[in-house]
>>> print(open('final14.csv').read())   # CSV, C-alpha atoms
chain,number,residue,atom,x,y,z
A,1,MET,CA,-56.9,-101.7,-54.7
A,2,TYR,CA,-54.4,-100.5,-52.1
A,3,ARG,CA,-54.4,-103.6,-49.9
A,4,PHE,CA,-50.7,-104.1,-50.8
A,5,LEU,CA,-49.9,-101.3,-48.4
A,6,LEU,CA,-50.7,-103.7,-45.6
A,7,THR,CA,-48.0,-106.1,-46.7
A,8,ARG,CA,-44.9,-106.4,-44.5
A,9,GLN,CA,-42.7,-104.7,-47.1
A,10,TRP,CA,-44.9,-101.7,-47.5
A,11,VAL,CA,-45.5,-101.3,-43.7
A,12,ILE,CA,-41.7,-101.2,-43.1
A,13,LEU,CA,-41.2,-98.8,-46.0
A,14,THR,CA,-44.0,-96.5,-44.7
A,15,LEU,CA,-42.7,-96.5,-41.1
A,16,LEU,CA,-39.2,-95.7,-42.4
A,17,ALA,CA,-40.6,-92.7,-44.3
A,18,LEU,CA,-42.4,-91.5,-41.2
A,19,VAL,CA,-39.2,-91.7,-39.2
A,20,LEU,CA,-37.0,-90.0,-41.9
A,21,ILE,CA,-39.2,-87.0,-42.3
A,22,PRO,CA,-38.9,-85.6,-38.7
A,23,VAL,CA,-35.2,-86.6,-38.6
A,24,MET,CA,-34.4,-84.7,-41.7
A,25,VAL,CA,-36.4,-81.7,-40.6
A,26,GLU,CA,-34.5,-81.7,-37.3
A,27,LEU,CA,-31.2,-81.9,-39.1
A,28,GLY,CA,-32.2,-78.9,-41.2
A,29,PHE,CA,-32.9,-76.9,-38.1
A,30,TRP,CA,-29.6,-78.0,-36.6
A,31,GLN,CA,-27.8,-76.6,-39.6
A,32,PHE,CA,-29.9,-73.5,-39.6
A,33,HIS,CA,-29.0,-72.8,-35.9
A,34,ARG,CA,-25.4,-73.3,-36.8
A,35,HIS,CA,-25.8,-70.7,-39.5
A,36,GLU,CA,-27.4,-68.3,-37.1
A,37,HIS,CA,-24.6,-68.9,-34.6
A,38,ARG,CA,-21.9,-68.2,-37.3
A,39,VAL,CA,-23.7,-65.0,-38.4
A,40,ALA,CA,-23.9,-63.8,-34.7
A,41,GLN,CA,-20.3,-64.7,-34.2
A,42,ASN,CA,-19.2,-62.8,-37.2
A,43,GLN,CA,-21.2,-59.8,-36.1
A,44,LEU,CA,-19.6,-60.0,-32.6
A,45,ILE,CA,-16.1,-60.2,-34.0
A,46,ALA,CA,-16.6,-57.3,-36.4
A,47,ALA,CA,-18.1,-55.1,-33.7
A,48,ASN,CA,-15.3,-55.9,-31.1
A,49,LEU,CA,-12.5,-55.3,-33.7
A,50,ALA,CA,-14.1,-52.0,-34.7
A,51,ALA,CA,-14.5,-50.8,-31.1
A,52,ARG,CA,-12.0,-48.3,-29.7
A,53,PRO,CA,-9.3,-49.8,-27.5
A,54,VAL,CA,-9.9,-49.6,-23.8
A,55,PRO,CA,-7.5,-50.3,-20.9
A,56,ALA,CA,-7.3,-54.0,-20.1
A,57,GLY,CA,-8.2,-53.3,-16.5
A,58,GLU,CA,-11.7,-52.3,-17.6
A,59,LEU,CA,-12.5,-55.7,-19.0
A,60,THR,CA,-10.4,-58.2,-16.9
A,61,SER,CA,-8.7,-58.7,-13.6
A,62,PRO,CA,-6.9,-61.5,-11.8
A,63,GLY,CA,-9.0,-64.6,-11.7
A,64,HIS,CA,-11.5,-63.1,-14.1
A,65,THR,CA,-13.1,-65.3,-16.8
A,66,VAL,CA,-13.4,-63.4,-20.0
A,67,PRO,CA,-16.9,-63.7,-21.3
A,68,ARG,CA,-17.6,-64.5,-25.0
A,69,ASP,CA,-19.0,-61.0,-25.5
A,70,ASP,CA,-15.5,-59.6,-24.8
A,71,TYR,CA,-13.6,-61.9,-27.0
A,72,TRP,CA,-11.4,-60.0,-29.5
A,73,ARG,CA,-12.0,-56.6,-27.8
A,74,ARG,CA,-9.1,-54.4,-28.4
A,75,VAL,CA,-7.4,-53.4,-25.1
A,76,THR,CA,-4.3,-51.5,-24.1
A,77,VAL,CA,-1.8,-52.1,-21.3
A,78,THR,CA,1.3,-50.3,-20.3
A,79,GLY,CA,4.2,-52.0,-18.6
A,80,THR,CA,7.6,-53.7,-19.0
A,81,TYR,CA,8.1,-57.1,-20.6
A,82,ASP,CA,9.3,-59.8,-18.2
A,83,THR,CA,11.5,-61.9,-20.6
A,84,ALA,CA,12.8,-64.0,-17.7
A,85,HIS,CA,9.4,-65.7,-17.6
A,86,GLU,CA,8.8,-65.9,-21.3
A,87,VAL,CA,7.5,-69.2,-22.5
A,88,VAL,CA,6.5,-70.7,-25.8
A,89,VAL,CA,3.2,-72.5,-26.6
A,90,ARG,CA,3.7,-75.7,-28.6
A,91,ARG,CA,1.8,-76.9,-31.7
A,92,ARG,CA,0.6,-73.6,-33.0
A,93,THR,CA,0.3,-72.8,-36.7
A,94,SER,CA,1.4,-69.8,-38.7
A,95,SER,CA,-0.8,-68.0,-41.2
A,96,GLY,CA,0.6,-70.4,-43.8
A,97,ASP,CA,-0.4,-73.5,-41.6
A,98,GLN,CA,3.2,-74.2,-40.7
A,99,VAL,CA,3.5,-75.7,-37.2
A,100,GLY,CA,5.7,-74.0,-34.6
A,101,PHE,CA,5.3,-72.0,-31.4
A,102,HIS,CA,3.5,-68.9,-30.1
A,103,VAL,CA,5.6,-66.6,-27.9
A,104,LEU,CA,4.0,-65.8,-24.6
A,105,THR,CA,5.6,-62.9,-22.7
A,106,PRO,CA,4.3,-61.4,-19.4
A,107,LEU,CA,3.9,-57.6,-19.4
A,108,VAL,CA,4.3,-56.3,-15.8
A,109,MET,CA,2.4,-53.1,-15.0
A,110,LYS,CA,3.4,-50.5,-12.5
A,111,ASP,CA,1.1,-51.9,-9.8
A,112,GLY,CA,2.9,-55.3,-10.0
A,113,ARG,CA,0.2,-57.1,-11.8
A,114,ALA,CA,1.0,-58.8,-15.1
A,115,VAL,CA,-0.9,-59.6,-18.3
A,116,LEU,CA,0.1,-62.4,-20.7
A,117,VAL,CA,0.9,-61.2,-24.2
A,118,ASN,CA,1.0,-63.5,-27.2
A,119,ARG,CA,3.6,-61.8,-29.3
A,120,GLY,CA,3.2,-64.1,-32.3
A,121,TRP,CA,4.4,-67.2,-34.0
A,122,VAL,CA,7.9,-68.5,-34.5
A,123,PRO,CA,9.1,-71.7,-36.3
A,124,PHE,CA,10.6,-74.8,-34.6
A,125,ALA,CA,14.3,-75.0,-33.9
A,126,SER,CA,16.3,-77.7,-35.6
A,127,ASP,CA,15.5,-79.9,-32.6
A,128,GLN,CA,11.8,-79.6,-31.8
A,129,GLN,CA,12.5,-80.2,-28.1
A,130,ALA,CA,14.8,-77.2,-27.9
A,131,PHE,CA,13.7,-73.7,-27.1
A,132,PRO,CA,13.3,-71.9,-30.4
A,133,GLU,CA,15.0,-68.7,-31.5
A,134,VAL,CA,12.8,-65.9,-30.3
A,135,PRO,CA,13.3,-62.3,-31.2
A,136,PRO,CA,13.8,-60.3,-28.0
A,137,ALA,CA,10.9,-58.3,-26.7
A,138,PRO,CA,11.3,-54.5,-26.6
A,139,ARG,CA,13.0,-53.2,-23.5
A,140,GLY,CA,11.7,-50.5,-21.2
A,141,GLU,CA,8.1,-49.4,-20.6
A,142,LEU,CA,5.8,-49.5,-23.6
A,143,THR,CA,2.1,-49.6,-24.3
A,144,VAL,CA,0.8,-52.8,-26.0
A,145,THR,CA,-2.5,-53.1,-27.9
A,146,GLY,CA,-4.0,-56.5,-28.4
A,147,ARG,CA,-7.1,-58.5,-28.8
A,148,LEU,CA,-8.4,-59.9,-25.6
A,149,LYS,CA,-8.9,-63.7,-25.4
A,150,ALA,CA,-10.1,-66.1,-22.7
A,151,ASP,CA,-7.9,-68.5,-20.9
A,152,GLU,CA,-7.4,-71.7,-22.8
A,153,THR,CA,-8.6,-75.0,-21.3
A,154,THR,CA,-8.6,-78.6,-22.5
A,155,SER,CA,-12.4,-78.8,-22.4
A,156,ALA,CA,-12.8,-75.7,-24.5
A,157,SER,CA,-9.9,-76.1,-27.0
A,158,GLY,CA,-9.5,-79.9,-27.1
A,159,ILE,CA,-5.7,-79.4,-26.5
A,160,LYS,CA,-4.3,-81.8,-23.9
A,161,ASP,CA,-2.2,-80.2,-21.2
A,162,LEU,CA,0.7,-82.5,-21.5
A,163,GLU,CA,3.2,-83.0,-18.6
A,164,GLY,CA,7.0,-83.5,-18.8
A,165,LEU,CA,7.5,-80.8,-21.5
A,166,PRO,CA,10.9,-79.3,-22.2
A,167,ASP,CA,11.8,-76.3,-20.1
A,168,ARG,CA,9.8,-73.1,-20.8
A,169,GLN,CA,7.3,-74.9,-23.1
A,170,ILE,CA,3.6,-75.1,-22.4
A,171,MET,CA,0.5,-76.4,-24.2
A,172,LEU,CA,-2.2,-74.0,-23.1
A,173,ILE,CA,-2.3,-70.2,-22.5
A,174,ASN,CA,-3.8,-70.0,-19.1
A,175,SER,CA,-3.4,-67.0,-16.7
A,176,GLU,CA,-4.0,-69.1,-13.6
A,177,GLN,CA,-1.2,-71.5,-14.4
A,178,GLN,CA,1.2,-68.7,-15.4
A,179,SER,CA,0.5,-66.7,-12.2
A,180,LYS,CA,1.9,-69.6,-10.2
A,181,ALA,CA,5.1,-69.4,-12.1
A,182,LEU,CA,5.3,-65.6,-11.9
A,183,THR,CA,4.3,-65.5,-8.2
A,184,ARG,CA,2.3,-62.3,-9.0
A,185,PRO,CA,-1.3,-61.6,-9.9
A,186,VAL,CA,-2.1,-62.1,-13.6
A,187,LEU,CA,-5.1,-60.6,-15.4
A,188,GLY,CA,-7.5,-63.2,-16.6
A,189,GLY,CA,-7.2,-64.2,-20.2
A,190,TYR,CA,-4.4,-62.9,-22.5
A,191,LEU,CA,-3.7,-60.5,-25.3
A,192,GLU,CA,-2.9,-61.2,-29.0
A,193,GLN,CA,-0.6,-58.4,-29.7
A,194,THR,CA,-1.4,-56.1,-32.6
A,195,ALA,CA,0.7,-53.1,-31.8
A,196,PRO,CA,3.5,-52.2,-31.7
A,197,GLU,CA,4.4,-54.3,-34.7
A,198,PRO,CA,7.5,-56.5,-34.3
A,199,ALA,CA,10.7,-55.5,-36.0
A,200,GLY,CA,11.4,-57.7,-39.0
A,201,ASP,CA,7.9,-59.3,-38.9
A,202,SER,CA,9.1,-61.8,-36.3
A,203,PRO,CA,7.4,-63.1,-34.3
A,204,GLU,CA,4.8,-63.4,-37.0
A,205,PRO,CA,1.7,-61.5,-35.7
A,206,ILE,CA,-1.5,-63.5,-35.0
A,207,PRO,CA,-4.0,-62.8,-37.8
A,208,ALA,CA,-7.4,-61.3,-37.0
A,209,PRO,CA,-10.1,-63.9,-36.8
A,210,ASP,CA,-12.2,-64.6,-39.9
A,211,HIS,CA,-15.5,-62.8,-39.7
A,212,ASP,CA,-16.5,-62.7,-43.4
A,213,SER,CA,-17.3,-66.3,-44.3
A,214,ILE,CA,-20.5,-67.9,-43.1
A,215,GLY,CA,-20.0,-71.4,-44.3
A,216,ALA,CA,-22.5,-73.7,-46.1
A,217,HIS,CA,-24.7,-74.3,-43.1
A,218,MET,CA,-27.7,-72.6,-44.6
A,219,ALA,CA,-27.4,-74.5,-47.8
A,220,TYR,CA,-27.2,-77.7,-45.8
A,221,ALA,CA,-30.3,-76.8,-43.9
A,222,VAL,CA,-32.3,-76.2,-47.1
A,223,GLN,CA,-30.9,-79.4,-48.5
A,224,TRP,CA,-32.2,-81.4,-45.5
A,225,TRP,CA,-35.6,-79.8,-45.7
A,226,LEU,CA,-35.8,-80.6,-49.4
A,227,PHE,CA,-34.9,-84.2,-48.6
A,228,ALA,CA,-37.7,-84.2,-46.0
A,229,ALA,CA,-40.2,-82.9,-48.5
A,230,GLY,CA,-39.0,-85.4,-51.1
A,231,VAL,CA,-39.7,-88.4,-48.8
A,232,PRO,CA,-43.6,-88.3,-49.0
A,233,VAL,CA,-43.4,-87.4,-52.7
A,234,GLY,CA,-41.2,-90.4,-53.3
A,235,TRP,CA,-43.5,-92.6,-51.2
A,236,LEU,CA,-46.5,-91.5,-53.3
A,237,VAL,CA,-44.6,-92.2,-56.5
A,238,LEU,CA,-43.7,-95.7,-55.4
A,239,VAL,CA,-47.3,-96.3,-54.3
A,240,ARG,CA,-48.6,-95.2,-57.7
A,241,ARG,CA,-46.1,-97.3,-59.5
A,242,GLU,CA,-46.9,-100.3,-57.5
A,243,LYS,CA,-50.6,-99.9,-58.1
A,244,GLN,CA,-50.0,-99.5,-61.8
A,245,ASP,CA,-47.7,-102.6,-61.9
A,246,ARG,CA,-50.3,-104.7,-60.1
A,247,ALA,CA,-53.1,-103.4,-62.3
A,248,ALA,CA,-51.1,-104.3,-65.4
A,249,ALA,CA,-50.3,-107.7,-64.0
A,250,ALA,CA,-53.9,-108.3,-63.2
A,251,ALA,CA,-55.0,-107.4,-66.7
A,252,ARG,CA,-52.5,-109.8,-68.3
A,253,THR,CA,-53.7,-112.6,-66.1
A,254,ALA,CA,-57.4,-111.8,-66.3
A,255,ASP,CA,-58.0,-115.1,-68.1
A,256,ASP,CA,-56.3,-117.0,-65.3
A,257,PRO,CA,-58.3,-116.6,-62.1
A,258,ALA,CA,-55.8,-118.4,-59.9
A,259,GLU,CA,-52.8,-116.3,-61.0
A,260,ALA,CA,-54.9,-113.1,-60.8
A,261,ALA,CA,-55.7,-113.8,-57.2
A,262,ALA,CA,-52.0,-114.3,-56.4
A,263,VAL,CA,-51.0,-111.0,-58.0
A,264,THR,CA,-53.7,-108.9,-56.1
A,265,ALA,CA,-53.2,-110.7,-52.8
>>> encode(input="final14.csv", output="structure tokens")
Amino acid sequence: MYRFLLTRQWVILTLLALVLIPVMVELGFWQFHRHEHRVAQNQLIAANLAARPVPAGELTSPGHTVPRDDYWRRVTVTGTYDTAHEVVVRRRTSSGDQVGFHVLTPLVMKDGRAVLVNRGWVPFASDQQAFPEVPPAPRGELTVTGRLKADETTSASGIKDLEGLPDRQIMLINSEQQSKALTRPVLGGYLEQTAPEPAGDSPEPIPAPDHDSIGAHMAYAVQWWLFAAGVPVGWLVLVRREKQDRAAAAARTADDPAEAAAVTA
């Protein structure tokens, strides 16, 4: 009755179903793990943003690699802005997705060490190769509060560190690179300034990272698992339909032994 399952067509179809089931189950778990990672990331961001600010020196030092657990921790640093070594970071977007620059200004502490401070976003000048109009940094000693971030690298960010850029323009925010230009120790990582707020809202402050949305990864996981469950169900439906079709054909040709043998073969 089910000898048709041994035909080439049905063997291929069965093998395909057997391959699809584990593949779809694995894709479901991949999306589920992405969901778990997003939830954990949101919890980390929320906890670090809510934590009280600590001196930057407690979390980083020259040559230090900021670990993921310290991303977005609020830190404070007191010093004087070194505007002579201020640079801008190319191809950065505003909160409205407009492309421009981030303004990176070293803050020099009393002990001679510096920390890189991302003061915010400014638009392109009329000539994109020219240095943009940047609001001056506050003069004198001040205390800056910001979110701690790790040094940017091409491998982590996907941003190519291009050469031959216009003067005082860079692609990546990297404390090791900037320490060579400053000829002084620079704390690892950098700060996204949150206080004091700039006068006139320029540079535009860097918005806090999103930690509310979780994406559709869980829905995709359930979808893949439903697909995996549907494969054997669909296979059984096709088998039953094939059996019924063959039985009906056999009944119609019951009076013709030769044709009946061809149908049931």
>>> closest_residue(input="final14.csv", among="A:Gly189, A:His33, A:Asp201, A:Leu236", to="A:Ala56", atoms="only C-alpha atoms")
A:Gly189
>>> closest_residue(input="final14.csv", among="A:Ser94, A:Thr145, A:Gln128, A:Thr105", to="A:Val54", atoms="all atoms listed in the file")
A:Thr145
>>> residues_around(input="final14.csv", residues="A:Ala46", least_positions_apart="5", cutoff="9 Å", atoms="all atoms listed in the file", output="list in words")
Gln41, Ala51, His211 and Asp212 of chain A
>>> closest_residue(input="final14.csv", among="A:Arg168, A:Arg74, A:Arg184, A:Arg139", to="A:Arg113", atoms="only C-alpha atoms")
A:Arg184
>>> closest_residue(input="final14.csv", among="A:Glu141, A:Glu204, A:Asp161, A:Asp167", to="A:Thr78", atoms="only C-alpha atoms")
A:Glu141
>>> atom_distance(input="final14.csv", atom1="atom CA of A:Met171", atom2="atom CA of A:Arg90")
5.5 Å
>>> closest_residue(input="final14.csv", among="A:Leu27, A:Ala114, A:Leu148, A:Leu20", to="A:Gln223", atoms="only C-alpha atoms")
A:Leu27
